[in-house]
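Okay, structure first, notes after.
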Amino acid sequence: MHSRCDLSCDHCYVYQHADQTWRGRPVRMPLATVRAVAQRIAEHAREHELPVVHVVLHGGEPLLLGAAGLREVLAELRAAITPWTRLDLRMQTNGVLLDEELCRLFVEYDVRVGVSLDGDRAANDRHRVFAHGGSSHDHVRRALALLRRPEHRASYAGILCTIDVRNDPDRVYEALLAESPPRVDLLLPHATWDHPPERPGPEPTPYADWLGRIHRRWVDDGRPMSIRMFEALRPGGGGTEAFGLAPADVLVVEADGSWEQVDSLKTAYHGAAGTGFDVFDHSVDEATRHPGVAVRQDGVAGLCATCRACPVVDRCGGGLYAHRWRTGSGFDNPSVYCADLLRLIDTVDAYPPPTPPASGELSTISPVDELLDDLATGHGSASTLALLAATQLSITRALLAACRDGSGTTPAWELLVHLDQAAPEAIRAVLAHPFVRPGLVHRLHSSAPPGVGAAVDPLPALAIAAALRAGVPAALHVPVRADTITFPALGSLVLPGLGESAEVTVRPGEFQVRGGSVEQTVLLDPVAQPSTGWFPTRDVSVPGGRLLLEDGDPYRDCYGQPVEPRLDGPAARALGRTLAEAWRVVRRDVPAHAAALDGGLRAVVPLAADPARPLRSATARHAFGAVAVTPHPDPETMAVLLVHEWQHAKLGAVLDLYDLVEPGQAAQIRVPWRPDPRPPEGVLQGVYAHLAITQVWQSRAATDQGDASANAAHFLAWTRDGADALLASRSLTAAGERFVGQLRHALEETRAGAG
């Protein structure tokens, strides 16, 4: 209705994001355009016999039309449309100009008014301010007080709140609740893969954690107001524009009469929402046949492969369409909030625990429960492993964007963005390397100033590694660490005298390095004469594919145990033979666990030898896709180590998405495999790993392998006692209790099978 605004909110997608078409549009919608819009809507309602049409007056700021201008608009809409259908009229406003005259007008024309408020004063004034920087908080609260009056209450639709995870969720919730809104819409800030959301700190799902806190308060308070996000994400909660698989049913008319797609697309790129149609020459049906509108009528078929394979796709629906945008692949991506949405759905499912169905009623299993039940078998299916890997990649991308936010747009970032468009497979291969995420976390955690132990910027080496994989010419200055440059998954160049930074130039089949007193060309052809100082990452052929033997990446040292320096040739070949044979042993003993290894284990890190503890292994939470082991010549033993540690890796990925243990639990639980009491999450990890080891030994016992029966009984008792202790501790969420209960059932099946 009005294409300008009296506030200057820095998170506004109309004025502050990629699309700037507002600059060329009239300040207000002419009355002739209003008439054309009304006639088009009436025509559409008549032809399709629609029982109701929803019209939202939007902006800019629609109250800038004033009472007289708004009366003209409302009269035109009512006169043209109501003879053919019920007209649900609404308005979204910042509330600054709302007064008693306008409230009376809205009651007269039956207009429901939504007001934008981001919480308490500190939260609201973080973004919603006047151009001079002044606070809008008192103006908005005054508007809400007017709408709460008995004579105006029928026009009070609710509050729209854009979240910022830097705000205190409890204070935001309390501020919203104090305004007694009929409904609250909590909105994720508009973001894309090109311009990811802010993620302060290293936590992988800060938006889910923030929203989860509000969800708990809301449930504990007896759901005193409608919060549409939480209701939409519940099983059978119904679709919205942001969630679910219902066809998109929103069109926008701009102030000049242009038909546009949903206006949140303005966050993607300039002109993203455009259709080329207008109300003067094109009907509603013509506008809805625009490809950008039509694709959103296809449900799950219109989503990317990652979303189609996701067990909760019917709940999140791929997230808001605009949030999937990435230059090069368009909207054929998961939401940039994918990991947060997965975790939030689990929160909504798990708190409070669902009421068991009454006798005779049919029960339904949520997609989250299906995923956890699948993993509780001890191994997990290929689709579950693919989902875990995809969500871990999303977390890595989010951390990458957080690093960019800290340093600004650099040539390395620009190269990464270019390669994400030109060679997305190369980018995915590099970012999926298990030690990229530890490097990014280290960078985000580092507070030391440059030159005093600060973490080097990881983006240049990542960009060059992707360019090398893709064979795309590129040149960047790359930081040097201890005379070494490491390109993830490819190898390390070690040359004394490189200095603190070196220029790396990628050419077909090679790269050149200039830094300090060094100038070196490195050939990538594996059969060529090895280049001085170049140590390519070695790999091993295993039944599931290729397994990296990672003994060069500096961020592999993330296990809390000393790692082995680069192995010499004979030692590396010996370890490779053991790993390949161990993989075959896993296939022999527990084929389902071998398939789980195939689905995600990509690298093994040799741990340093320790005569006091010759048999050690480890997993790092941030290094999904890798395990660390002490080199051991026996493949039967190595097989057990691989299965054991891969259990920890899978469960770690699950815990990045879902709370299985109640947050803040300080309980300590005694378990038979440790002398000291353990926290609940540690016990859960132990139980899950021991379930798999029990299954290995049960399989071996079936072929009468030595002490296999005794080992199977030993691990079965440990797993059973640990699971029972967890269930008795009351430290698990509802999802955690279900998971451990299903795990306990799998254990009993294992025992019955052995019997």
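Chain labels follow the order of the structure tokens: the first chain is A, the next B, and so on; residue numbering restarts at 1 in every chain, and ligands are counted from 1 in their shown order.
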When DSSP works through the backbone of this structure, what residues of segment 171-273 of chain A end up as strand (DSSP E), shown as a VMD selection string? chain A and resid 183 to 187 226 to 227 252 to 253 258 to 260
Can you pull out the residues contacting Val441 of chain A? Cut-off 8 Å, using only C-alpha atoms, and skip same-chain residues under 3 positions away; I want them as an mmCIF file with N, CA and C atoms, in the first residue's frame.
data_model
loop_
_atom_site.group_PDB
_atom_site.id
_atom_site.type_symbol
_atom_site.label_atom_id
_atom_site.label_comp_id
_atom_site.auth_asym_id
_atom_site.auth_seq_id
_atom_site.Cartn_x
_atom_site.Cartn_y
_atom_site.Cartn_z
ATOM 1 N N PRO A 202 30.305 -20.779 18.816
ATOM 2 C CA PRO A 202 30.510 -22.012 18.037
ATOM 3 C C PRO A 202 29.342 -22.988 18.024
ATOM 4 N N LEU A 399 29.325 -22.629 10.170
ATOM 5 C CA LEU A 399 30.556 -22.177 10.830
ATOM 6 C C LEU A 399 31.441 -21.409 9.859
ATOM 7 N N ARG A 437 35.764 -28.734 9.998
ATOM 8 C CA ARG A 437 34.984 -28.159 11.100
ATOM 9 C C ARG A 437 35.838 -27.882 12.333
ATOM 10 N N PRO A 438 36.720 -28.797 12.784
ATOM 11 C CA PRO A 438 37.575 -28.433 13.923
ATOM 12 C C PRO A 438 38.403 -27.186 13.674
ATOM 13 N N LEU A 444 37.049 -19.709 15.427
ATOM 14 C CA LEU A 444 36.025 -18.926 16.108
ATOM 15 C C LEU A 444 36.297 -18.798 17.599
ATOM 16 N N HIS A 445 36.953 -19.806 18.177
ATOM 17 C CA HIS A 445 37.256 -19.771 19.607
ATOM 18 C C HIS A 445 38.486 -18.945 19.920
#
Which residues, written as a PyMOL selection string, have at least one atom at most 10 Å from Ala689 of chain A, with only C-alpha atoms counted and residues fewer than 3 positions away on the same chain left out? chain A and resi 378+643-651+683-686+692-694+715+719
Which of segment 177-363 of chain A counts as helix (DSSP H, G or I) under DSSP, as number ranges by chain please? A: 177-178, 206-220, 228-233, 263-267, 284-288, 291-297, 299-302, 305-308, 313-316, 321-324, 338-350
Identify which of the residues A:Ala272, A:Leu726, A:Ala45, A:Cys161 lies closest to Ala175 of chain A, counting only C-alpha atoms when measuring atom-to-atom distances. A:Cys161
Residues near segment 660-673 of chain A, cut-off 9 Å, only C-alpha atoms, skip fewer than 6 positions along chain, as a VMD selection string: chain A and resid 350 654 679 to 681 683 to 684 686 717 to 719 721 to 722 725 to 726 729 to 737 739
If you count only C-alpha atoms, which residues fall within 12 Å of Asp110 of chain A, apart from same-chain ones fewer than 2 positions away, as an NGL selection string? :A and (55 or 71 or 74-75 or 77-78 or 86-91 or 102-108 or 112-113 or 152-157)
Could you pull the residues within 6 Å of Ala708 of chain A, counting only C-alpha atoms, minus those fewer than 6 positions along the same chain, as a list in words? Trp697, Arg700 and Ala701 of chain A
Using N, CA and C atoms, can you export the residues from the last selection as a compact mmCIF listing (two decimals), in the first residue's frame?
# COMPACT_ATOMS: atom_id res chain seq x y z
N TRP A 697 30.48 -59.36 19.06
CA TRP A 697 30.88 -60.58 19.75
C TRP A 697 29.81 -61.67 19.68
N ARG A 700 30.40 -63.33 16.42
CA ARG A 700 31.58 -64.19 16.45
C ARG A 700 31.32 -65.45 17.28
N ALA A 701 30.51 -65.29 18.33
CA ALA A 701 30.21 -66.46 19.17
C ALA A 701 29.46 -67.52 18.38
Using only C-alpha atoms, I'd like a table of the residues in segment 610-723 of chain A that come within 7 Å of segment 579-584 of chain A; for each, show the closest atom pair and its distance in Å rounded to one decimal, ordered by chain and ascending number, as a Markdown table.
| residue | atom | partner | partner_atom | distance |
| --- | --- | --- | --- | --- |
| A:Pro635 | CA | A:Ala582 | CA | 4.4 |
| A:Glu636 | CA | A:Ala582 | CA | 6.1 |
| A:Met638 | CA | A:Ala582 | CA | 5.7 |
| A:Ala639 | CA | A:Ala582 | CA | 4.6 |
Any chance you could export the current selection's N, CA and C atoms as a CSV table (one decimal), in the first residue's frame?
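Once written, out-v8.csv looks like this:
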chain,number,residue,atom,x,y,z
A,635,PRO,N,43.7,-57.3,12.4
A,635,PRO,CA,42.5,-56.8,11.9
A,635,PRO,C,41.2,-57.1,12.7
A,636,GLU,N,41.2,-58.2,13.4
A,636,GLU,CA,40.1,-58.6,14.2
A,636,GLU,C,39.9,-57.5,15.3
A,638,MET,N,41.2,-54.4,15.2
A,638,MET,CA,40.9,-53.1,14.6
A,638,MET,C,39.5,-53.0,14.2
A,639,ALA,N,38.9,-54.1,13.8
A,639,ALA,CA,37.4,-54.1,13.4
A,639,ALA,C,36.6,-53.7,14.5
Residue contacts of Val540 of chain A (6 Å, only C-alpha atoms) excluding same-chain residues fewer than 5 positions away, as a PyMOL selection string: chain A and resi 546-547+576
Just the selected residues (C-alpha atoms), exported as a short mmCIF file (atom, residue, chain, number, x, y, z; two decimals), in the first residue's frame, please.
data_model
loop_
_atom_site.label_atom_id
_atom_site.label_comp_id
_atom_site.auth_asym_id
_atom_site.auth_seq_id
_atom_site.Cartn_x
_atom_site.Cartn_y
_atom_site.Cartn_z
CA ARG A 546 38.47 -45.03 -0.30
CA LEU A 547 39.52 -44.27 3.27
CA GLY A 576 46.42 -49.46 5.34
#
Straight-line distance linking atom CA of Ala305 of chain A with atom CA of Gly318 of chain A, stated in Å to one decimal: 10.5 Å
Record the distance separating atom CA of Gly406 of chain A and atom CA of Ala502 of chain A, expressed in Å with one decimal. 22.1 Å
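Between atom CA of Arg621 of chain A and atom CA of Pro434 of chain A the interatomic distance comes to 10.2 Å.
The shortest atom-to-atom distance to Ala596 of chain A, with only C-alpha atoms taken into account, belongs to A:Ala382 out of A:Val129, A:Ala382, A:Ala429, A:Leu70.
For the choices A:Asn333, A:Ala309, A:Ala422, A:Arg573, the atom-to-atom distance to Thr384 of chain A is smallest for A:Ala309 when using only C-alpha atoms.
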